[in-house]
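Following: one structure in structure tokens, then a few remarks.
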Amino acid sequence: MADDLIHFNFSKPSSSIIKVVGVGGGGCNAVNHMFEEGITDVDYVVCNTDGQALENSPVPTKIQLGVTLTEGRGAGNRPEMGEEAALENYTDIQRVLEDNTKMLFITAGMGGGTGTGAAPIIAKLARELDILTIAVVTIPSPAEGHKRHNQALEGIKKLSEHVDSMLIVSNQRLHSIYGELPARKAFKLADNVVMTAVKGVAEIITLHGNINIDFADVYTVMHDSKVFIMGTGIASGENRAMDAVKLALQSPLLDNQEIKGTKNILLNIISGSEEITIGEIGEIIEYLQMEAGQEADIIWGNGYDESIGNQISVTILCTGFKNASGYLDREEKKVEAFTLNNEPEPVEEVTEQPPTLFEEEPMLLEFDLETAEPGPREPTIKQTKKVEEPKPQPRKKKPVKTKETSDDSDGNIDNWFVRRFSKFFEDDDQNM
């Protein structure tokens, strides 16, 4: 009977279809952290110009970039050096990527030499090999040095030309959420956030359940999407479904961006020993649809992970925004226009005050026609006459409108100023 069975010899791939490549010091540290924590069915590669850092990495697959160029001493914070180093080892990188790779994550800390310069070269090669290429990078805050920050912005622009999609993790955003931290904890936190992003996307494919999201679904949503945002939330208890999806929408990976208007949402729901119910799944999908809008296409799946016990894990990935490059525009504008103390001052409501014996004169403004910037003078105090009811005038006397009571008189400097220069203030208000 056994001889009658048909045997299928399925080919076993030599490696996973998903690879995570760390580039430069920051990227390699993030991949080292992922390797130690473990992500299901993912292969890891570290690429660096620093030979000593590669020796200390636990990741087995290593590529030293620019051995001849840098002699293992790093790129010296020069992106052009990192670019040349990647080109020197172009064939080594190509050999690794050609080994059954369908999806590539590139992680790098932007702003330095190797990550900023080499990451775009690796991304360009991956796209030429028809690999779905996703970048998860960190960007330093301006407080870490304006040169480093500007190099990071330039590197991100170059990288964006060669990736399908990109997630940018802002160090300034992490600082605003978690406050002052010791340096080692701060770097560990950034590594953990990058790992959460890569793990969240990769395990959408690798963890299986009743309803699976496969590579084709991820490719449809991520291909040429330019920018993606994502969040993960974990909760337990009676309201665990709603709590988990709300936590996912508050994730630091979303960077304060709303999902309203997104076209595509990948939703992955993982439960453990206490399996999720159909009602809980419905609550999560209904809430997401309400937040994103009726036009959003939600592709969802659910899987199982016994390690999370009675908790529910919700991962949300969004693409298809109208302004896909909005993050870069917003980041540059934020750096130029704001400081660390950038909260707007409250605007006081102007209400009519009853007449008093003493009143403050209207503030006069000095106006420079060349700069169009008004500057306040110090207010002065004047004594006013007691306000009395007007006495009836005899009919035969024609009322005379005096210069003091005339609202339209050209002799009144306040009215003259308002009529001629109010447009400047209206324009300024609109531009604020």
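Labels for the structure tokens follow display order: chains A, B, ..., residues from 1 in each chain, ligands from 1.
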
Name the residues of stretch 225-289 of chain A that come out as alpha helix (DSSP H) in a backbone DSSP run; write them as a list in words.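 So the alpha helix (DSSP H) residues in stretch 225-289 of chain A would be Arg240, Ala241, Met242, Asp243, Ala244, Val245, Lys246, Leu247, Ala248, Leu249, Ile278, Gly279, Glu280, Ile281, Gly282, Glu283, Ile284, Ile285, Glu286, Tyr287, Leu288 and Gln289 of chain A.
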
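Residues surrounding stretch 167-174 of chain A within 7 Å are Ala135, Val136, Val137, Thr138, Ile139, Pro140, Ser141, Ser176, Ile177, Tyr178, Val227, Phe228, Ile229, Leu253 and Asp255 of chain A [only C-alpha atoms; sequence separation below 2 positions excluded].
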
Enumerate the residues of stretch 177-349 of chain A with a DSSP assignment of strand (DSSP E or B), computed from the backbone, and present them as a PyMOL selection string. chain A and resi 211+226-227+229-235+264-271+297-304+312-319

Straight-line distance linking atom CA of A:His175 with atom CA of A:Val21, stated in Å to one decimal: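 According to the coordinates, atom CA of A:His175 and atom CA of A:Val21 are separated by 25.7 Å.
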
Interatomic distance between atom CA of A:Gln294 and atom CA of A:Gly320?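 Atom-to-atom, atom CA of A:Gln294 and atom CA of A:Gly320 are spaced 14.2 Å apart.
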
Point-to-point distance in Å for atom CA of A:Thr68 and atom CA of A:Glu80: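 So the answer is 15.2 Å.
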
Using only C-alpha atoms, pick whichever of A:Pro182, A:Gly231, A:Pro60, A:Gly25 has the shortest atom-to-atom distance to A:Val198. A:Gly231
